[in-house]
Amino acid sequence: MTTHNIKGFEVPFKPTKRYFERVYIGLRASQISGLEKFEAPDPAEWCPRGYALVQPEARGIHHSEGDFHQFGTQEAQDGYDLVEWAGTQPWSNGNVALVGNSWLGIMQWFIAAEKPPHLKAIAPWEGAADFYRETLFRGGIPNTAFWPTLSTTMQGNGNYEDISAMMTKYPHMNAYWEDKNAKIANIEIPMYVVMSYSTNLHTEGSYRGWKYSSSRDKCNDELQRFLDRYLLVRVSLLRYNRPAIVHRPEDNYPPSRTQYHTLYLDSGNGSLSYECPKTPATASYTADSWDDEGSHFTYTFSKYTEILGPSKVKLFMSTKDKDDMDVYVIIHKLDVDGKDLLCLNVPLDQQPPGTVFENIDDMALYKYHGPTGRLRASKRALGQDPSLWEEQRNSQAPTELWRPYDQEEKVAAGTVVELDIPIWPAGMVFEAGESMRLEVKGHDHRLHEYENLHLMLKNLNVGTHTILLPLVF
């Protein structure tokens, strides 16, 4: 079997406090050979296991000929050709798998949807399938920091597709962006999918790609065992102040035994409650200030509880200062004393000797607050994903939402609008006495792919946002 990946780009990325020579997202330098490419398998590990590893440069990258296209039909067809080449070489047994993380994961959905005959399995770690909805314009709000920054790292001899410029030219969903929406329903081969909770780029795309493909063999366990035989769904849950629950087998994600609850927001005592407050009220925050952390609503658990899967929040909001609103929500975990907790993706006992919490970079790779959601009010229109067939629609969780994003509907000053905001999938554990806090604010959280990247984020907020209560979470 041939393990294959497309090498899309080289990222000149090093944490500011600790370098990859010391730790590579939880791996010591002694655990890798130096032959691996960024976010790709290590040949020194996989070739001795009987695999041939193909690591090409994508069209237009480094010395590959042509112009560089970011995702979409061109890169998918290039991947198709590469799979078929690898599957017909004299050293190949005709079985090709796609393996890789992030960009190398995203392209697997696109290539597999083209159905190259020699492609027998894919293993997208931290991918995405709908470039517009899941990464570039999540909630209708353009990502003005990560993608423009990433575009400056593209290295090649030809031209490259300027995604940042296209975001400005085409802010609404159209045929150009639709070409960057992988046809995941076409994928029928086995897949090994890894989704993390802390990424700002991949969580929803990994979840939807896994759930709405047509594959009947979808696995989440150790890779070589997957490539040898297929396994069950396995989930991990974060406990923040205790070791995580790892690789617990489940029948689905979210598990079929999941119970959905409705909580109401009460500004009188800043709580989330099963009882709807009898007295209407309002809460407000300064939407254009990074110093204003918004309105908070807390629920304390009386017994052991897990939040596993996507959630959503319904808000009724208005502003007198602008004809639109960018609204952000996040769920935090609090300990029994009300302290806001932060989860380390690589526990301290697995860090290099002598590492202390204060020396760990403020990046989403290393730290995680909790699941987030966002929405631009003018893009609030809901719809049905036309790519799903009836069986898939019937399998949707009640917290899943889909938007066309093909037009905008501005908000007249002072007009109250209903906003349904999806919150990305989570895996959180709460013991009795611990709490979750829902925050509603006018800016994103501070943990992103690079330190201080949040300072580059822009939105259209001006003045004050007002929330009318009670509301439903």
# chains A, B, ... in the order shown; residues from 1 in each chain; ligands from 1

call {"tool": "residues_around", "arguments": {"residues": "region 123-136 of chain A", "least_positions_apart": "5", "cutoff": "7 Å", "atoms": "only C-alpha atoms", "output": "VMD selection string"}}
result
chain A and resid 98 to 103 105 to 106 108 to 109 142 to 143 177 180 to 182 191 to 196 201 to 206 209

call {"tool": "write_last_selection", "arguments": {"atoms": "N, CA, C and O atoms", "output": "mmCIF file, in the first residue's frame"}}
result
data_model
loop_
_atom_site.group_PDB
_atom_site.id
_atom_site.type_symbol
_atom_site.label_atom_id
_atom_site.label_comp_id
_atom_site.auth_asym_id
_atom_site.auth_seq_id
_atom_site.Cartn_x
_atom_site.Cartn_y
_atom_site.Cartn_z
ATOM 1 N N LEU A 98 -4.258 8.509 1.034
ATOM 2 C CA LEU A 98 -3.873 9.899 1.272
ATOM 3 C C LEU A 98 -3.761 10.111 2.772
ATOM 4 O O LEU A 98 -4.667 9.741 3.522
ATOM 5 N N VAL A 99 -2.654 10.718 3.206
ATOM 6 C CA VAL A 99 -2.402 10.908 4.631
ATOM 7 C C VAL A 99 -1.808 12.294 4.844
ATOM 8 O O VAL A 99 -0.932 12.715 4.090
ATOM 9 N N GLY A 100 -2.269 13.011 5.863
ATOM 10 C CA GLY A 100 -1.655 14.287 6.183
ATOM 11 C C GLY A 100 -2.572 15.174 7.000
ATOM 12 O O GLY A 100 -3.759 14.882 7.197
ATOM 13 N N ASN A 101 -2.012 16.275 7.476
ATOM 14 C CA ASN A 101 -2.686 17.171 8.404
ATOM 15 C C ASN A 101 -2.935 18.538 7.758
ATOM 16 O O ASN A 101 -2.170 18.987 6.915
ATOM 17 N N SER A 102 -3.997 19.210 8.172
ATOM 18 C CA SER A 102 -4.314 20.578 7.769
ATOM 19 C C SER A 102 -4.487 20.656 6.249
ATOM 20 O O SER A 102 -5.388 20.037 5.702
ATOM 21 N N TRP A 103 -3.627 21.424 5.554
ATOM 22 C CA TRP A 103 -3.775 21.523 4.101
ATOM 23 C C TRP A 103 -3.756 20.136 3.469
ATOM 24 O O TRP A 103 -4.539 19.837 2.568
ATOM 25 N N GLY A 105 -4.708 17.516 4.803
ATOM 26 C CA GLY A 105 -5.967 16.861 5.132
ATOM 27 C C GLY A 105 -7.109 17.410 4.307
ATOM 28 O O GLY A 105 -7.962 16.665 3.807
ATOM 29 N N ILE A 106 -7.152 18.729 4.149
ATOM 30 C CA ILE A 106 -8.217 19.369 3.370
ATOM 31 C C ILE A 106 -8.261 18.805 1.955
ATOM 32 O O ILE A 106 -9.325 18.459 1.435
ATOM 33 N N GLN A 108 -7.451 16.048 0.816
ATOM 34 C CA GLN A 108 -7.904 14.659 0.702
ATOM 35 C C GLN A 108 -9.398 14.585 0.377
ATOM 36 O O GLN A 108 -9.835 13.727 -0.395
ATOM 37 N N TRP A 109 -10.192 15.484 0.984
ATOM 38 C CA TRP A 109 -11.626 15.476 0.688
ATOM 39 C C TRP A 109 -11.855 15.790 -0.797
ATOM 40 O O TRP A 109 -12.706 15.164 -1.453
ATOM 41 N N PRO A 142 -15.391 37.477 7.703
ATOM 42 C CA PRO A 142 -14.118 37.123 7.043
ATOM 43 C C PRO A 142 -12.976 36.997 8.034
ATOM 44 O O PRO A 142 -12.860 37.786 8.969
ATOM 45 N N ASN A 143 -12.141 35.986 7.818
ATOM 46 C CA ASN A 143 -10.923 35.809 8.619
ATOM 47 C C ASN A 143 -9.838 36.683 8.001
ATOM 48 O O ASN A 143 -9.205 36.314 7.009
ATOM 49 N N TRP A 177 -16.452 30.393 -4.962
ATOM 50 C CA TRP A 177 -16.286 29.733 -3.661
ATOM 51 C C TRP A 177 -16.891 28.332 -3.674
ATOM 52 O O TRP A 177 -16.394 27.435 -2.976
ATOM 53 N N LYS A 180 -14.652 25.566 -4.286
ATOM 54 C CA LYS A 180 -13.781 25.211 -3.172
ATOM 55 C C LYS A 180 -14.573 24.536 -2.044
ATOM 56 O O LYS A 180 -14.190 24.591 -0.888
ATOM 57 N N ASN A 181 -15.659 23.913 -2.421
ATOM 58 C CA ASN A 181 -16.506 23.136 -1.519
ATOM 59 C C ASN A 181 -16.460 21.684 -1.985
ATOM 60 O O ASN A 181 -17.079 21.323 -2.987
ATOM 61 N N ALA A 182 -15.696 20.859 -1.303
ATOM 62 C CA ALA A 182 -15.503 19.472 -1.737
ATOM 63 C C ALA A 182 -16.828 18.712 -1.738
ATOM 64 O O ALA A 182 -17.643 18.863 -0.828
ATOM 65 N N MET A 191 -12.161 5.766 5.576
ATOM 66 C CA MET A 191 -11.448 6.959 6.031
ATOM 67 C C MET A 191 -11.134 6.881 7.512
ATOM 68 O O MET A 191 -11.886 6.310 8.306
ATOM 69 N N TYR A 192 -9.986 7.452 7.866
ATOM 70 C CA TYR A 192 -9.561 7.627 9.249
ATOM 71 C C TYR A 192 -9.510 9.131 9.485
ATOM 72 O O TYR A 192 -8.721 9.839 8.872
ATOM 73 N N VAL A 193 -10.405 9.641 10.311
ATOM 74 C CA VAL A 193 -10.562 11.081 10.483
ATOM 75 C C VAL A 193 -10.184 11.475 11.901
ATOM 76 O O VAL A 193 -10.642 10.859 12.863
ATOM 77 N N VAL A 194 -9.356 12.503 12.029
ATOM 78 C CA VAL A 194 -9.002 13.047 13.331
ATOM 79 C C VAL A 194 -9.509 14.483 13.411
ATOM 80 O O VAL A 194 -9.220 15.293 12.532
ATOM 81 N N MET A 195 -10.273 14.782 14.444
ATOM 82 C CA MET A 195 -10.783 16.129 14.689
ATOM 83 C C MET A 195 -10.346 16.568 16.072
ATOM 84 O O MET A 195 -10.499 15.822 17.034
ATOM 85 N N SER A 196 -9.786 17.766 16.182
ATOM 86 C CA SER A 196 -9.453 18.296 17.496
ATOM 87 C C SER A 196 -10.442 19.402 17.853
ATOM 88 O O SER A 196 -11.158 19.914 16.998
ATOM 89 N N LEU A 201 -9.575 26.428 12.695
ATOM 90 C CA LEU A 201 -9.685 26.240 11.254
ATOM 91 C C LEU A 201 -10.385 24.951 10.839
ATOM 92 O O LEU A 201 -11.002 24.909 9.775
ATOM 93 N N HIS A 202 -10.296 23.893 11.643
ATOM 94 C CA HIS A 202 -10.606 22.568 11.125
ATOM 95 C C HIS A 202 -11.734 21.803 11.818
ATOM 96 O O HIS A 202 -12.164 20.774 11.303
ATOM 97 N N THR A 203 -12.191 22.236 12.970
ATOM 98 C CA THR A 203 -13.081 21.385 13.767
ATOM 99 C C THR A 203 -14.359 21.028 13.016
ATOM 100 O O THR A 203 -14.699 19.856 12.857
ATOM 101 N N GLU A 204 -15.098 22.026 12.564
ATOM 102 C CA GLU A 204 -16.373 21.742 11.893
ATOM 103 C C GLU A 204 -16.160 20.993 10.589
ATOM 104 O O GLU A 204 -16.907 20.071 10.254
ATOM 105 N N GLY A 205 -15.130 21.374 9.828
ATOM 106 C CA GLY A 205 -14.883 20.703 8.562
ATOM 107 C C GLY A 205 -14.552 19.234 8.738
ATOM 108 O O GLY A 205 -14.989 18.386 7.949
ATOM 109 N N SER A 206 -13.795 18.910 9.775
ATOM 110 C CA SER A 206 -13.482 17.502 10.042
ATOM 111 C C SER A 206 -14.745 16.737 10.430
ATOM 112 O O SER A 206 -14.974 15.610 9.981
ATOM 113 N N GLY A 209 -17.115 16.482 7.292
ATOM 114 C CA GLY A 209 -16.553 15.578 6.301
ATOM 115 C C GLY A 209 -16.705 14.131 6.709
ATOM 116 O O GLY A 209 -17.041 13.268 5.893
#

call {"tool": "residues_around", "arguments": {"residues": "Ala165 (chain A)", "least_positions_apart": "3", "cutoff": "12 Å", "atoms": "only C-alpha atoms", "output": "number ranges by chain"}}
result
A: 142, 144, 147-148, 151, 160-162, 168-171

call {"tool": "write_last_selection", "arguments": {"atoms": "N, CA, C and O atoms", "output": "short mmCIF file (atom, residue, chain, number, x, y, z; two decimals), in the first residue's frame"}}
result
data_model
loop_
_atom_site.label_atom_id
_atom_site.label_comp_id
_atom_site.auth_asym_id
_atom_site.auth_seq_id
_atom_site.Cartn_x
_atom_site.Cartn_y
_atom_site.Cartn_z
N PRO A 142 -15.39 37.48 7.70
CA PRO A 142 -14.12 37.12 7.04
C PRO A 142 -12.98 37.00 8.03
O PRO A 142 -12.86 37.79 8.97
N THR A 144 -9.63 37.85 8.58
CA THR A 144 -8.71 38.83 8.00
C THR A 144 -7.28 38.66 8.47
O THR A 144 -6.42 39.47 8.11
N TRP A 147 -5.50 33.76 6.96
CA TRP A 147 -5.34 33.44 5.54
C TRP A 147 -4.52 34.48 4.79
O TRP A 147 -3.65 34.11 3.98
N PRO A 148 -4.72 35.79 5.01
CA PRO A 148 -3.80 36.75 4.36
C PRO A 148 -2.35 36.55 4.78
O PRO A 148 -1.43 36.68 3.96
N SER A 151 -0.94 33.43 3.02
CA SER A 151 -0.69 33.63 1.59
C SER A 151 0.71 34.17 1.33
O SER A 151 1.28 33.93 0.26
N TYR A 160 0.34 32.76 -7.96
CA TYR A 160 -0.47 32.02 -7.01
C TYR A 160 -1.81 32.71 -6.83
O TYR A 160 -1.94 33.92 -7.03
N GLU A 161 -2.80 31.92 -6.51
CA GLU A 161 -4.16 32.43 -6.33
C GLU A 161 -4.22 33.27 -5.06
O GLU A 161 -3.92 32.78 -3.98
N ASP A 162 -4.60 34.53 -5.20
CA ASP A 162 -4.62 35.46 -4.08
C ASP A 162 -5.96 35.37 -3.36
O ASP A 162 -6.91 36.10 -3.67
N THR A 168 -12.03 39.87 -0.56
CA THR A 168 -12.53 41.24 -0.69
C THR A 168 -13.43 41.39 -1.91
O THR A 168 -14.48 42.06 -1.84
N LYS A 169 -13.06 40.76 -3.00
CA LYS A 169 -13.83 40.88 -4.24
C LYS A 169 -15.17 40.15 -4.16
O LYS A 169 -16.19 40.65 -4.65
N TYR A 170 -15.18 38.98 -3.54
CA TYR A 170 -16.39 38.15 -3.46
C TYR A 170 -16.72 37.82 -2.01
O TYR A 170 -16.40 36.74 -1.51
N PRO A 171 -17.36 38.74 -1.27
CA PRO A 171 -17.67 38.47 0.15
C PRO A 171 -18.84 37.52 0.34
O PRO A 171 -19.04 37.03 1.45
#

call {"tool": "select_by_dssp", "arguments": {"residues": "region 26-274 of chain A", "states": "helix (DSSP H, G or I)", "output": "ChimeraX atom specification"}}
result
/A:29-31,43-49,72-87,103-113,131-136,138-140,146-151,163-169,175-178,184-186,203-212,223-228

call {"tool": "residues_around", "arguments": {"residues": "His247 (chain A)", "least_positions_apart": "4", "cutoff": "6 Å", "atoms": "only C-alpha atoms", "output": "list in words"}}
result
Arg234, Val235 and Ser236 of chain A
